[in-house]
Amino acid sequence: MRTKQFYMHGLAWTVLTCGIMAATIDSSAKKHADNGLTTYFSVQESKRTMTDSDGFIRRWLLLEPIEKPNRSNTVFTDSYLRDTFYTEYFPGQFSDFPKSGQKIKVGKQVLRWHALDSNLFNVKLFRFATGLDNPYYGVLFWAVTAIDCDEDITDIRMSVGSNSASMWWVNGEETLLLSGDRRMVMDDCTSKRITLKKGRNIIRGAIINGPGMSDFCVRFLHEDGTPVTNFTISTL
């Protein structure tokens, strides 16, 4: 019997292979499993991955939530969001590519980056927070991933849904703002035409919510509405 050991920031996963793969979670991870983290997210078992069949990006580096109390989502106007999303909460926020397990300090909070694959087309931030026993209302999430292209992919649009408001950047350029109190809907907003350049492209997102659930979904679409899938995704 062959045994492989994976670690997800304190969560040890043992995979036993004997013709059929089976995964078990050790006792130190039991509480996180009970909270639903392992229901909605998986360990990244490869250096690179592809989109799913519908073009959705499921591989992300997620930062544990920054506390940003809001009793209502009605405050999420364009001006409020721009001020909030462009505030620097930690060094390298808009320039560095974080590493899995890396810790940063935001005020009195010490937060960690987690490299995870979503089991669904949408990334369940609420479940991410509750699964790690983090605050889940009145919070600001950061998400980062890298897209590697063999050639320029031109005249495509970024397509996003989020709960609640969010802002997205591609290679440091603001690409899309979803404002107001909203539910996550597939392809809720699309950007102007953009180009994913040959080589590495960095995608950053900030998602804010007061009360309620938090999640997002991201993909790129061709002009005819078909998903862009000819690139790889990595958090390394």
# chains A, B, ... in the order shown; residues from 1 in each chain; ligands from 1

$ select_by_dssp --residues "segment 63-191 of chain A" --states "strand (DSSP E)" --output "PyMOL selection string"
chain A and resi 63+66-67+103-106+109-118+123-124+139-149+153-163+165-170+173-178+189-190

$ residues_around --residues "Gln102 of chain A" --least-positions-apart "6" --cutoff "12 Å" --atoms "only C-alpha atoms" --output "PyMOL selection string"
chain A and resi 9+61-64+96+110-115

$ write_last_selection --atoms "N, CA and C atoms" --output "compact mmCIF listing (two decimals), in the first residue's frame"
# COMPACT_ATOMS: atom_id res chain seq x y z
N HIS A 9 -1.99 23.74 5.62
CA HIS A 9 -1.88 24.73 6.68
C HIS A 9 -2.45 24.21 7.99
N LEU A 61 -5.43 31.63 -4.09
CA LEU A 61 -4.87 31.94 -2.79
C LEU A 61 -5.87 32.85 -2.09
N LEU A 62 -6.35 32.44 -0.94
CA LEU A 62 -7.35 33.20 -0.19
C LEU A 62 -6.75 33.67 1.13
N LEU A 63 -6.92 34.94 1.42
CA LEU A 63 -6.46 35.49 2.69
C LEU A 63 -7.58 35.39 3.72
N GLU A 64 -7.23 34.95 4.91
CA GLU A 64 -8.22 34.94 5.99
C GLU A 64 -8.84 36.34 6.11
N ASP A 96 2.88 42.12 -4.57
CA ASP A 96 3.48 40.82 -4.27
C ASP A 96 2.54 39.67 -4.63
N VAL A 110 -3.52 38.84 12.82
CA VAL A 110 -2.48 38.10 12.11
C VAL A 110 -3.19 37.09 11.22
N LEU A 111 -3.06 37.26 9.91
CA LEU A 111 -3.82 36.48 8.94
C LEU A 111 -2.89 35.64 8.09
N ARG A 112 -3.43 34.55 7.56
CA ARG A 112 -2.65 33.60 6.77
C ARG A 112 -3.28 33.43 5.38
N TRP A 113 -2.40 33.26 4.38
CA TRP A 113 -2.85 32.92 3.03
C TRP A 113 -3.00 31.41 2.91
N HIS A 114 -4.07 30.99 2.22
CA HIS A 114 -4.35 29.57 2.02
C HIS A 114 -4.51 29.28 0.52
N ALA A 115 -3.77 28.31 0.03
CA ALA A 115 -3.89 27.88 -1.37
C ALA A 115 -4.90 26.73 -1.42

$ residues_around --residues "segment 222-229 of chain A" --least-positions-apart "6" --cutoff "10 Å" --atoms "only C-alpha atoms" --output "compact mmCIF listing (two decimals) with N, CA and C atoms, in the first residue's frame"
# COMPACT_ATOMS: atom_id res chain seq x y z
N MET A 50 -6.31 23.41 -14.75
CA MET A 50 -7.06 24.08 -15.80
C MET A 50 -8.36 24.62 -15.21
N THR A 51 -9.08 25.38 -16.00
CA THR A 51 -10.43 25.77 -15.61
C THR A 51 -11.32 24.53 -15.63
N ASP A 52 -12.53 24.67 -15.08
CA ASP A 52 -13.48 23.58 -15.27
C ASP A 52 -14.06 23.68 -16.68
N SER A 53 -14.98 22.80 -17.03
CA SER A 53 -15.49 22.75 -18.41
C SER A 53 -16.23 24.02 -18.82
N ASP A 54 -16.71 24.78 -17.85
CA ASP A 54 -17.41 26.04 -18.14
C ASP A 54 -16.49 27.25 -18.03
N GLY A 55 -15.21 27.01 -17.84
CA GLY A 55 -14.25 28.11 -17.83
C GLY A 55 -14.03 28.76 -16.48
N PHE A 56 -14.65 28.27 -15.43
CA PHE A 56 -14.51 28.92 -14.13
C PHE A 56 -13.17 28.58 -13.48
N ILE A 57 -12.58 29.60 -12.87
CA ILE A 57 -11.29 29.47 -12.19
C ILE A 57 -11.57 29.04 -10.75
N ILE A 153 -4.14 36.13 -25.56
CA ILE A 153 -5.56 35.83 -25.77
C ILE A 153 -6.28 37.17 -25.79
N THR A 154 -6.70 37.60 -26.96
CA THR A 154 -7.19 38.95 -27.15
C THR A 154 -8.71 39.02 -27.21
N ASP A 155 -9.22 40.24 -27.01
CA ASP A 155 -10.65 40.54 -27.17
C ASP A 155 -11.55 39.61 -26.35
N ILE A 156 -11.17 39.42 -25.09
CA ILE A 156 -11.99 38.62 -24.19
C ILE A 156 -12.47 39.52 -23.05
N ARG A 157 -13.42 39.03 -22.28
CA ARG A 157 -13.97 39.81 -21.18
C ARG A 157 -13.91 39.00 -19.89
N MET A 158 -13.57 39.68 -18.82
CA MET A 158 -13.64 39.07 -17.49
C MET A 158 -15.10 39.08 -17.05
N SER A 159 -15.57 37.95 -16.52
CA SER A 159 -16.96 37.81 -16.12
C SER A 159 -17.00 37.36 -14.66
N ARG A 193 -13.36 44.77 -23.22
CA ARG A 193 -12.45 43.82 -23.85
C ARG A 193 -11.04 44.00 -23.28

$ atom_distance --atom1 "atom CA of Ser118 of chain A" --atom2 "atom CA of Phe41 of chain A"
4.6 Å

$ closest_residue --among "A:Lys103, A:Arg58, A:Lys47, A:Lys198" --to "Asp150 of chain A" --atoms "only C-alpha atoms"
A:Lys198

$ atom_distance --atom1 "atom CA of Leu140 of chain A" --atom2 "atom CA of Phe231 of chain A"
28.5 Å

$ atom_distance --atom1 "atom CA of Val43 of chain A" --atom2 "atom CA of Arg204 of chain A"
20.6 Å

$ closest_atom_pairs --of "segment 72-125 of chain A" --to "segment 184-191 of chain A" --cutoff "12 Å" --atoms "only C-alpha atoms" --output "CSV"
residue,atom,partner,partner_atom,distance
A:Phe121,CA,A:Met186,CA,9.3
A:Asn122,CA,A:Met186,CA,8.6
A:Val123,CA,A:Met184,CA,10.2
A:Lys124,CA,A:Met184,CA,10.3
A:Leu125,CA,A:Met184,CA,11.5

$ residues_around --residues "Glu67 of chain A" --least-positions-apart "2" --cutoff "10 Å" --atoms "only C-alpha atoms" --output "ChimeraX atom specification"
/A:64-65,69-70,106-107,109,134-141,208,210

$ write_last_selection --atoms "all heavy atoms" --output "CSV table (one decimal), in the first residue's frame"
chain,number,residue,atom,x,y,z
A,64,GLU,N,-7.2,35.0,4.9
A,64,GLU,CA,-8.2,34.9,6.0
A,64,GLU,C,-8.8,36.3,6.1
A,64,GLU,O,-8.2,37.4,5.9
A,64,GLU,CB,-7.6,34.5,7.3
A,64,GLU,CG,-7.1,33.1,7.3
A,64,GLU,CD,-6.3,32.7,8.5
A,64,GLU,OE1,-6.0,33.6,9.3
A,64,GLU,OE2,-5.9,31.5,8.6
A,65,PRO,N,-10.1,36.4,6.4
A,65,PRO,CA,-10.9,37.7,6.3
A,65,PRO,C,-10.3,38.8,7.2
A,65,PRO,O,-10.0,38.6,8.4
A,65,PRO,CB,-12.3,37.3,6.7
A,65,PRO,CG,-12.2,36.0,7.4
A,65,PRO,CD,-11.0,35.3,6.9
A,69,PRO,N,-16.2,45.9,9.8
A,69,PRO,CA,-17.6,45.9,10.3
A,69,PRO,C,-18.5,46.8,9.4
A,69,PRO,O,-18.2,48.0,9.2
A,69,PRO,CB,-17.5,46.4,11.7
A,69,PRO,CG,-16.1,46.1,12.1
A,69,PRO,CD,-15.3,46.3,10.9
A,70,ASN,N,-19.6,46.2,9.0
A,70,ASN,CA,-20.7,47.0,8.3
A,70,ASN,C,-22.0,46.3,8.7
A,70,ASN,O,-22.2,45.1,8.4
A,70,ASN,CB,-20.5,46.9,6.8
A,70,ASN,CG,-19.5,47.9,6.3
A,70,ASN,OD1,-19.7,49.1,6.4
A,70,ASN,ND2,-18.4,47.4,5.7
A,106,VAL,N,-2.6,42.7,9.8
A,106,VAL,CA,-3.5,43.8,9.5
A,106,VAL,C,-4.1,44.4,10.8
A,106,VAL,O,-4.9,43.7,11.4
A,106,VAL,CB,-4.6,43.4,8.6
A,106,VAL,CG1,-5.6,44.5,8.2
A,106,VAL,CG2,-4.1,42.7,7.3
A,107,GLY,N,-3.6,45.5,11.2
A,107,GLY,CA,-4.0,46.0,12.5
A,107,GLY,C,-3.5,45.0,13.6
A,107,GLY,O,-2.4,44.6,13.7
A,109,GLN,N,-4.9,42.0,13.7
A,109,GLN,CA,-5.1,40.7,13.2
A,109,GLN,C,-3.8,40.1,12.6
A,109,GLN,O,-3.1,40.8,11.9
A,109,GLN,CB,-6.2,40.7,12.1
A,109,GLN,CG,-7.6,40.9,12.6
A,109,GLN,CD,-8.5,40.9,11.4
A,109,GLN,OE1,-8.8,41.8,10.7
A,109,GLN,NE2,-9.1,39.7,11.3
A,134,ASN,N,-12.9,31.7,11.6
A,134,ASN,CA,-12.6,33.2,11.4
A,134,ASN,C,-13.9,34.0,11.4
A,134,ASN,O,-15.0,33.4,11.2
A,134,ASN,CB,-11.9,33.4,10.1
A,134,ASN,CG,-10.5,32.9,10.0
A,134,ASN,OD1,-9.9,32.6,9.0
A,134,ASN,ND2,-9.9,32.7,11.2
A,135,PRO,N,-13.8,35.3,11.6
A,135,PRO,CA,-15.0,36.1,11.5
A,135,PRO,C,-15.6,36.0,10.1
A,135,PRO,O,-14.9,35.8,9.1
A,135,PRO,CB,-14.5,37.6,11.7
A,135,PRO,CG,-13.2,37.4,12.4
A,135,PRO,CD,-12.6,36.1,11.9
A,136,TYR,N,-16.9,36.0,10.0
A,136,TYR,CA,-17.6,35.7,8.7
A,136,TYR,C,-18.6,36.8,8.3
A,136,TYR,O,-19.1,36.8,7.2
A,136,TYR,CB,-18.2,34.4,8.6
A,136,TYR,CG,-19.1,34.0,9.8
A,136,TYR,CD1,-20.4,34.3,9.9
A,136,TYR,CD2,-18.5,33.3,10.9
A,136,TYR,CE1,-21.1,34.0,11.0
A,136,TYR,CE2,-19.2,32.9,12.0
A,136,TYR,CZ,-20.6,33.3,12.1
A,136,TYR,OH,-21.3,33.0,13.2
A,137,TYR,N,-19.0,37.7,9.2
A,137,TYR,CA,-19.8,38.9,8.9
A,137,TYR,C,-19.0,40.1,9.1
A,137,TYR,O,-18.1,40.2,10.0
A,137,TYR,CB,-21.0,38.9,9.8
A,137,TYR,CG,-22.0,37.9,9.6
A,137,TYR,CD1,-22.7,37.4,10.7
A,137,TYR,CD2,-22.3,37.3,8.4
A,137,TYR,CE1,-23.7,36.4,10.5
A,137,TYR,CE2,-23.2,36.3,8.2
A,137,TYR,CZ,-23.9,35.9,9.3
A,137,TYR,OH,-24.9,34.9,9.1
A,138,GLY,N,-19.2,41.2,8.3
A,138,GLY,CA,-18.5,42.4,8.4
A,138,GLY,C,-17.0,42.2,8.1
A,138,GLY,O,-16.1,42.5,8.9
A,139,VAL,N,-16.7,41.6,6.9
A,139,VAL,CA,-15.3,41.2,6.5
A,139,VAL,C,-15.0,41.6,5.1
A,139,VAL,O,-15.8,41.8,4.3
A,139,VAL,CB,-15.2,39.7,6.7
A,139,VAL,CG1,-15.1,39.3,8.2
A,139,VAL,CG2,-16.2,38.9,6.0
A,140,LEU,N,-13.7,41.6,4.9
A,140,LEU,CA,-13.1,41.9,3.6
A,140,LEU,C,-12.2,40.7,3.2
A,140,LEU,O,-11.2,40.4,4.0
A,140,LEU,CB,-12.4,43.2,3.6
A,140,LEU,CG,-11.5,43.6,2.4
A,140,LEU,CD1,-12.4,43.7,1.1
A,140,LEU,CD2,-10.8,44.9,2.6
A,141,PHE,N,-12.4,40.1,2.1
A,141,PHE,CA,-11.6,39.0,1.6
A,141,PHE,C,-10.7,39.4,0.5
A,141,PHE,O,-11.1,40.3,-0.4
A,141,PHE,CB,-12.4,37.8,1.1
A,141,PHE,CG,-13.3,37.2,2.1
A,141,PHE,CD1,-14.6,37.6,2.3
A,141,PHE,CD2,-12.8,36.1,2.9
A,141,PHE,CE1,-15.5,37.0,3.2
A,141,PHE,CE2,-13.7,35.5,3.8
A,141,PHE,CZ,-15.0,35.9,4.0
A,208,ILE,N,-16.2,42.2,-0.3
A,208,ILE,CA,-16.6,42.7,1.0
A,208,ILE,C,-18.0,42.3,1.2
A,208,ILE,O,-18.9,42.2,0.3
A,208,ILE,CB,-16.4,44.2,1.0
A,208,ILE,CG1,-16.6,44.8,2.5
A,208,ILE,CG2,-17.3,45.0,0.1
A,208,ILE,CD1,-16.2,46.2,2.6
A,210,GLY,N,-21.2,42.6,4.6
A,210,GLY,CA,-21.6,42.9,6.0
A,210,GLY,C,-22.3,41.6,6.5
A,210,GLY,O,-21.6,40.6,6.7

$ residues_around --residues "Asn163 of chain A" --least-positions-apart "4" --cutoff "7 Å" --atoms "only C-alpha atoms" --output "list in words"
Arg182, Arg183, Met184, Met213, Ser214, Asp215 and Phe216 of chain A

$ write_last_selection --atoms "all heavy atoms" --output "PDB file, in the first residue's frame"
ATOM      1  N   ARG A 182     -25.621  42.814  -3.374  1.00  0.00           N
ATOM      2  CA  ARG A 182     -25.966  41.915  -4.462  1.00  0.00           C
ATOM      3  C   ARG A 182     -25.728  40.475  -4.061  1.00  0.00           C
ATOM      4  O   ARG A 182     -24.930  40.172  -3.179  1.00  0.00           O
ATOM      5  CB  ARG A 182     -25.151  42.257  -5.720  1.00  0.00           C
ATOM      6  CG  ARG A 182     -23.678  42.095  -5.564  1.00  0.00           C
ATOM      7  CD  ARG A 182     -22.866  42.903  -6.586  1.00  0.00           C
ATOM      8  NE  ARG A 182     -23.340  42.730  -7.933  1.00  0.00           N
ATOM      9  CZ  ARG A 182     -23.508  43.760  -8.797  1.00  0.00           C
ATOM     10  NH1 ARG A 182     -23.233  44.997  -8.430  1.00  0.00           N
ATOM     11  NH2 ARG A 182     -23.934  43.532 -10.020  1.00  0.00           N
ATOM     12  N   ARG A 183     -26.437  39.593  -4.740  1.00  0.00           N
ATOM     13  CA  ARG A 183     -26.213  38.166  -4.592  1.00  0.00           C
ATOM     14  C   ARG A 183     -25.285  37.683  -5.701  1.00  0.00           C
ATOM     15  O   ARG A 183     -25.193  38.306  -6.760  1.00  0.00           O
ATOM     16  CB  ARG A 183     -27.540  37.401  -4.654  1.00  0.00           C
ATOM     17  CG  ARG A 183     -28.477  37.682  -3.489  1.00  0.00           C
ATOM     18  CD  ARG A 183     -29.754  36.874  -3.616  1.00  0.00           C
ATOM     19  NE  ARG A 183     -30.662  37.126  -2.507  1.00  0.00           N
ATOM     20  CZ  ARG A 183     -30.628  36.482  -1.348  1.00  0.00           C
ATOM     21  NH1 ARG A 183     -29.721  35.548  -1.152  1.00  0.00           N
ATOM     22  NH2 ARG A 183     -31.503  36.769  -0.388  1.00  0.00           N
ATOM     23  N   MET A 184     -24.619  36.555  -5.455  1.00  0.00           N
ATOM     24  CA  MET A 184     -23.732  35.995  -6.451  1.00  0.00           C
ATOM     25  C   MET A 184     -24.551  35.374  -7.574  1.00  0.00           C
ATOM     26  O   MET A 184     -25.354  34.469  -7.353  1.00  0.00           O
ATOM     27  CB  MET A 184     -22.837  34.932  -5.800  1.00  0.00           C
ATOM     28  CG  MET A 184     -21.552  34.624  -6.567  1.00  0.00           C
ATOM     29  SD  MET A 184     -21.745  33.672  -8.072  1.00  0.00           S
ATOM     30  CE  MET A 184     -22.519  32.177  -7.474  1.00  0.00           C
ATOM     31  N   MET A 213     -24.203  35.742   3.335  1.00  0.00           N
ATOM     32  CA  MET A 213     -23.226  34.839   2.738  1.00  0.00           C
ATOM     33  C   MET A 213     -22.205  35.616   1.907  1.00  0.00           C
ATOM     34  O   MET A 213     -22.450  36.760   1.509  1.00  0.00           O
ATOM     35  CB  MET A 213     -23.918  33.806   1.859  1.00  0.00           C
ATOM     36  CG  MET A 213     -24.992  32.999   2.564  1.00  0.00           C
ATOM     37  SD  MET A 213     -24.341  31.987   3.904  1.00  0.00           S
ATOM     38  CE  MET A 213     -23.583  30.660   2.971  1.00  0.00           C
ATOM     39  N   SER A 214     -21.069  34.974   1.645  1.00  0.00           N
ATOM     40  CA  SER A 214     -20.026  35.578   0.810  1.00  0.00           C
ATOM     41  C   SER A 214     -19.487  34.518  -0.139  1.00  0.00           C
ATOM     42  O   SER A 214     -19.094  33.432   0.298  1.00  0.00           O
ATOM     43  CB  SER A 214     -18.873  36.115   1.670  1.00  0.00           C
ATOM     44  OG  SER A 214     -19.309  37.082   2.588  1.00  0.00           O
ATOM     45  N   ASP A 215     -19.453  34.843  -1.434  1.00  0.00           N
ATOM     46  CA  ASP A 215     -18.844  33.950  -2.409  1.00  0.00           C
ATOM     47  C   ASP A 215     -18.602  34.710  -3.708  1.00  0.00           C
ATOM     48  O   ASP A 215     -19.032  35.851  -3.863  1.00  0.00           O
ATOM     49  CB  ASP A 215     -19.677  32.692  -2.642  1.00  0.00           C
ATOM     50  CG  ASP A 215     -21.066  32.966  -3.196  1.00  0.00           C
ATOM     51  OD1 ASP A 215     -21.570  34.092  -2.997  1.00  0.00           O
ATOM     52  OD2 ASP A 215     -21.650  32.068  -3.827  1.00  0.00           O
ATOM     53  N   PHE A 216     -17.896  34.075  -4.639  1.00  0.00           N
ATOM     54  CA  PHE A 216     -17.642  34.695  -5.938  1.00  0.00           C
ATOM     55  C   PHE A 216     -17.381  33.621  -6.976  1.00  0.00           C
ATOM     56  O   PHE A 216     -17.065  32.470  -6.661  1.00  0.00           O
ATOM     57  CB  PHE A 216     -16.463  35.671  -5.874  1.00  0.00           C
ATOM     58  CG  PHE A 216     -15.105  35.015  -5.715  1.00  0.00           C
ATOM     59  CD1 PHE A 216     -14.365  34.615  -6.823  1.00  0.00           C
ATOM     60  CD2 PHE A 216     -14.559  34.810  -4.453  1.00  0.00           C
ATOM     61  CE1 PHE A 216     -13.113  34.019  -6.692  1.00  0.00           C
ATOM     62  CE2 PHE A 216     -13.311  34.223  -4.297  1.00  0.00           C
ATOM     63  CZ  PHE A 216     -12.592  33.827  -5.418  1.00  0.00           C
TER      64      PHE A 216
END

$ select_by_dssp --residues "segment 19-230 of chain A" --states "helix (DSSP H, G or I)" --output "ChimeraX atom specification"
/A:27-34,37-40,73-75,78-85,125-131

$ residues_around --residues "Val75 of chain A" --least-positions-apart "3" --cutoff "9 Å" --atoms "only C-alpha atoms" --output "PDB file with N, CA, C and O atoms, in the first residue's frame"
ATOM      1  N   ASN A  70     -19.593  46.233   8.955  1.00  0.00           N
ATOM      2  CA  ASN A  70     -20.676  46.956   8.280  1.00  0.00           C
ATOM      3  C   ASN A  70     -21.984  46.272   8.670  1.00  0.00           C
ATOM      4  O   ASN A  70     -22.153  45.078   8.430  1.00  0.00           O
ATOM      5  N   SER A  72     -24.831  46.882   7.424  1.00  0.00           N
ATOM      6  CA  SER A  72     -25.684  46.760   6.244  1.00  0.00           C
ATOM      7  C   SER A  72     -24.827  46.838   4.996  1.00  0.00           C
ATOM      8  O   SER A  72     -23.772  47.483   4.981  1.00  0.00           O
ATOM      9  N   TYR A  80     -17.511  54.517  -1.806  1.00  0.00           N
ATOM     10  CA  TYR A  80     -17.119  53.785  -0.597  1.00  0.00           C
ATOM     11  C   TYR A  80     -16.199  52.621  -0.960  1.00  0.00           C
ATOM     12  O   TYR A  80     -15.174  52.380  -0.314  1.00  0.00           O
ATOM     13  N   LEU A  81     -16.557  51.889  -1.997  1.00  0.00           N
ATOM     14  CA  LEU A  81     -15.782  50.714  -2.374  1.00  0.00           C
ATOM     15  C   LEU A  81     -14.395  51.085  -2.884  1.00  0.00           C
ATOM     16  O   LEU A  81     -13.412  50.408  -2.556  1.00  0.00           O
ATOM     17  N   GLY A 180     -22.835  47.777  -4.667  1.00  0.00           N
ATOM     18  CA  GLY A 180     -24.170  47.588  -4.124  1.00  0.00           C
ATOM     19  C   GLY A 180     -24.334  46.280  -3.370  1.00  0.00           C
ATOM     20  O   GLY A 180     -23.422  45.447  -3.298  1.00  0.00           O
ATOM     21  N   ASP A 181     -25.502  46.094  -2.796  1.00  0.00           N
ATOM     22  CA  ASP A 181     -25.847  44.869  -2.085  1.00  0.00           C
ATOM     23  C   ASP A 181     -26.365  43.868  -3.115  1.00  0.00           C
ATOM     24  O   ASP A 181     -27.437  44.038  -3.681  1.00  0.00           O
TER      25      ASP A 181
END

$ closest_residue --among "A:Thr130, A:Ser166, A:Ser179, A:Gln93" --to "Thr77 of chain A" --atoms "only C-alpha atoms"
A:Ser179

$ closest_residue --among "A:Val144, A:Leu221, A:Ile194, A:Ile203" --to "Trp60 of chain A" --atoms "only C-alpha atoms"
A:Val144

$ decode --residues "segment 109-128 of chain A" --atoms "N, CA, C and O atoms" --output "PDB file, in the first residue's frame"
ATOM      1  N   GLN A 109      -4.853  42.009  13.736  1.00  0.00           N
ATOM      2  CA  GLN A 109      -5.066  40.666  13.204  1.00  0.00           C
ATOM      3  C   GLN A 109      -3.797  40.102  12.578  1.00  0.00           C
ATOM      4  O   GLN A 109      -3.072  40.810  11.876  1.00  0.00           O
ATOM      5  N   VAL A 110      -3.524  38.838  12.820  1.00  0.00           N
ATOM      6  CA  VAL A 110      -2.478  38.104  12.108  1.00  0.00           C
ATOM      7  C   VAL A 110      -3.191  37.090  11.220  1.00  0.00           C
ATOM      8  O   VAL A 110      -3.863  36.174  11.716  1.00  0.00           O
ATOM      9  N   LEU A 111      -3.058  37.259   9.906  1.00  0.00           N
ATOM     10  CA  LEU A 111      -3.820  36.483   8.939  1.00  0.00           C
ATOM     11  C   LEU A 111      -2.892  35.638   8.087  1.00  0.00           C
ATOM     12  O   LEU A 111      -1.737  35.978   7.861  1.00  0.00           O
ATOM     13  N   ARG A 112      -3.431  34.547   7.561  1.00  0.00           N
ATOM     14  CA  ARG A 112      -2.650  33.604   6.772  1.00  0.00           C
ATOM     15  C   ARG A 112      -3.279  33.429   5.380  1.00  0.00           C
ATOM     16  O   ARG A 112      -4.501  33.434   5.232  1.00  0.00           O
ATOM     17  N   TRP A 113      -2.404  33.260   4.379  1.00  0.00           N
ATOM     18  CA  TRP A 113      -2.850  32.923   3.028  1.00  0.00           C
ATOM     19  C   TRP A 113      -3.004  31.408   2.908  1.00  0.00           C
ATOM     20  O   TRP A 113      -2.178  30.645   3.415  1.00  0.00           O
ATOM     21  N   HIS A 114      -4.065  30.988   2.217  1.00  0.00           N
ATOM     22  CA  HIS A 114      -4.349  29.570   2.016  1.00  0.00           C
ATOM     23  C   HIS A 114      -4.509  29.281   0.523  1.00  0.00           C
ATOM     24  O   HIS A 114      -5.305  29.940  -0.157  1.00  0.00           O
ATOM     25  N   ALA A 115      -3.768  28.311   0.027  1.00  0.00           N
ATOM     26  CA  ALA A 115      -3.894  27.877  -1.366  1.00  0.00           C
ATOM     27  C   ALA A 115      -4.899  26.734  -1.418  1.00  0.00           C
ATOM     28  O   ALA A 115      -4.664  25.656  -0.867  1.00  0.00           O
ATOM     29  N   LEU A 116      -6.038  26.980  -2.088  1.00  0.00           N
ATOM     30  CA  LEU A 116      -7.123  26.011  -2.096  1.00  0.00           C
ATOM     31  C   LEU A 116      -7.754  25.910  -3.479  1.00  0.00           C
ATOM     32  O   LEU A 116      -7.745  26.866  -4.242  1.00  0.00           O
ATOM     33  N   ASP A 117      -8.305  24.741  -3.769  1.00  0.00           N
ATOM     34  CA  ASP A 117      -9.147  24.540  -4.948  1.00  0.00           C
ATOM     35  C   ASP A 117     -10.600  24.472  -4.484  1.00  0.00           C
ATOM     36  O   ASP A 117     -10.925  23.715  -3.566  1.00  0.00           O
ATOM     37  N   SER A 118     -11.446  25.250  -5.124  1.00  0.00           N
ATOM     38  CA  SER A 118     -12.873  25.186  -4.810  1.00  0.00           C
ATOM     39  C   SER A 118     -13.478  23.926  -5.416  1.00  0.00           C
ATOM     40  O   SER A 118     -13.203  23.579  -6.565  1.00  0.00           O
ATOM     41  N   ASN A 119     -14.312  23.251  -4.660  1.00  0.00           N
ATOM     42  CA  ASN A 119     -14.997  22.069  -5.178  1.00  0.00           C
ATOM     43  C   ASN A 119     -16.184  22.423  -6.058  1.00  0.00           C
ATOM     44  O   ASN A 119     -16.744  21.550  -6.722  1.00  0.00           O
ATOM     45  N   LEU A 120     -16.572  23.700  -6.043  1.00  0.00           N
ATOM     46  CA  LEU A 120     -17.690  24.192  -6.834  1.00  0.00           C
ATOM     47  C   LEU A 120     -17.208  25.272  -7.791  1.00  0.00           C
ATOM     48  O   LEU A 120     -16.092  25.789  -7.650  1.00  0.00           O
ATOM     49  N   PHE A 121     -18.050  25.658  -8.752  1.00  0.00           N
ATOM     50  CA  PHE A 121     -17.646  26.715  -9.684  1.00  0.00           C
ATOM     51  C   PHE A 121     -17.517  28.051  -8.969  1.00  0.00           C
ATOM     52  O   PHE A 121     -16.760  28.919  -9.380  1.00  0.00           O
ATOM     53  N   ASN A 122     -18.269  28.222  -7.861  1.00  0.00           N
ATOM     54  CA  ASN A 122     -18.164  29.445  -7.073  1.00  0.00           C
ATOM     55  C   ASN A 122     -17.382  29.161  -5.797  1.00  0.00           C
ATOM     56  O   ASN A 122     -17.469  28.082  -5.208  1.00  0.00           O
ATOM     57  N   VAL A 123     -16.609  30.149  -5.374  1.00  0.00           N
ATOM     58  CA  VAL A 123     -15.736  30.014  -4.213  1.00  0.00           C
ATOM     59  C   VAL A 123     -16.504  30.475  -2.979  1.00  0.00           C
ATOM     60  O   VAL A 123     -16.845  31.653  -2.845  1.00  0.00           O
ATOM     61  N   LYS A 124     -16.761  29.560  -2.063  1.00  0.00           N
ATOM     62  CA  LYS A 124     -17.606  29.825  -0.901  1.00  0.00           C
ATOM     63  C   LYS A 124     -16.783  30.476   0.220  1.00  0.00           C
ATOM     64  O   LYS A 124     -16.274  29.795   1.120  1.00  0.00           O
ATOM     65  N   LEU A 125     -16.684  31.790   0.187  1.00  0.00           N
ATOM     66  CA  LEU A 125     -15.884  32.506   1.176  1.00  0.00           C
ATOM     67  C   LEU A 125     -16.470  32.382   2.580  1.00  0.00           C
ATOM     68  O   LEU A 125     -15.725  32.338   3.567  1.00  0.00           O
ATOM     69  N   PHE A 126     -17.777  32.365   2.687  1.00  0.00           N
ATOM     70  CA  PHE A 126     -18.413  32.193   3.987  1.00  0.00           C
ATOM     71  C   PHE A 126     -17.971  30.873   4.604  1.00  0.00           C
ATOM     72  O   PHE A 126     -17.625  30.807   5.794  1.00  0.00           O
ATOM     73  N   ARG A 127     -17.952  29.809   3.811  1.00  0.00           N
ATOM     74  CA  ARG A 127     -17.537  28.498   4.311  1.00  0.00           C
ATOM     75  C   ARG A 127     -16.039  28.461   4.590  1.00  0.00           C
ATOM     76  O   ARG A 127     -15.582  27.766   5.512  1.00  0.00           O
ATOM     77  N   PHE A 128     -15.259  29.182   3.801  1.00  0.00           N
ATOM     78  CA  PHE A 128     -13.828  29.320   4.058  1.00  0.00           C
ATOM     79  C   PHE A 128     -13.603  29.933   5.439  1.00  0.00           C
ATOM     80  O   PHE A 128     -12.798  29.443   6.235  1.00  0.00           O
TER      81      PHE A 128
END
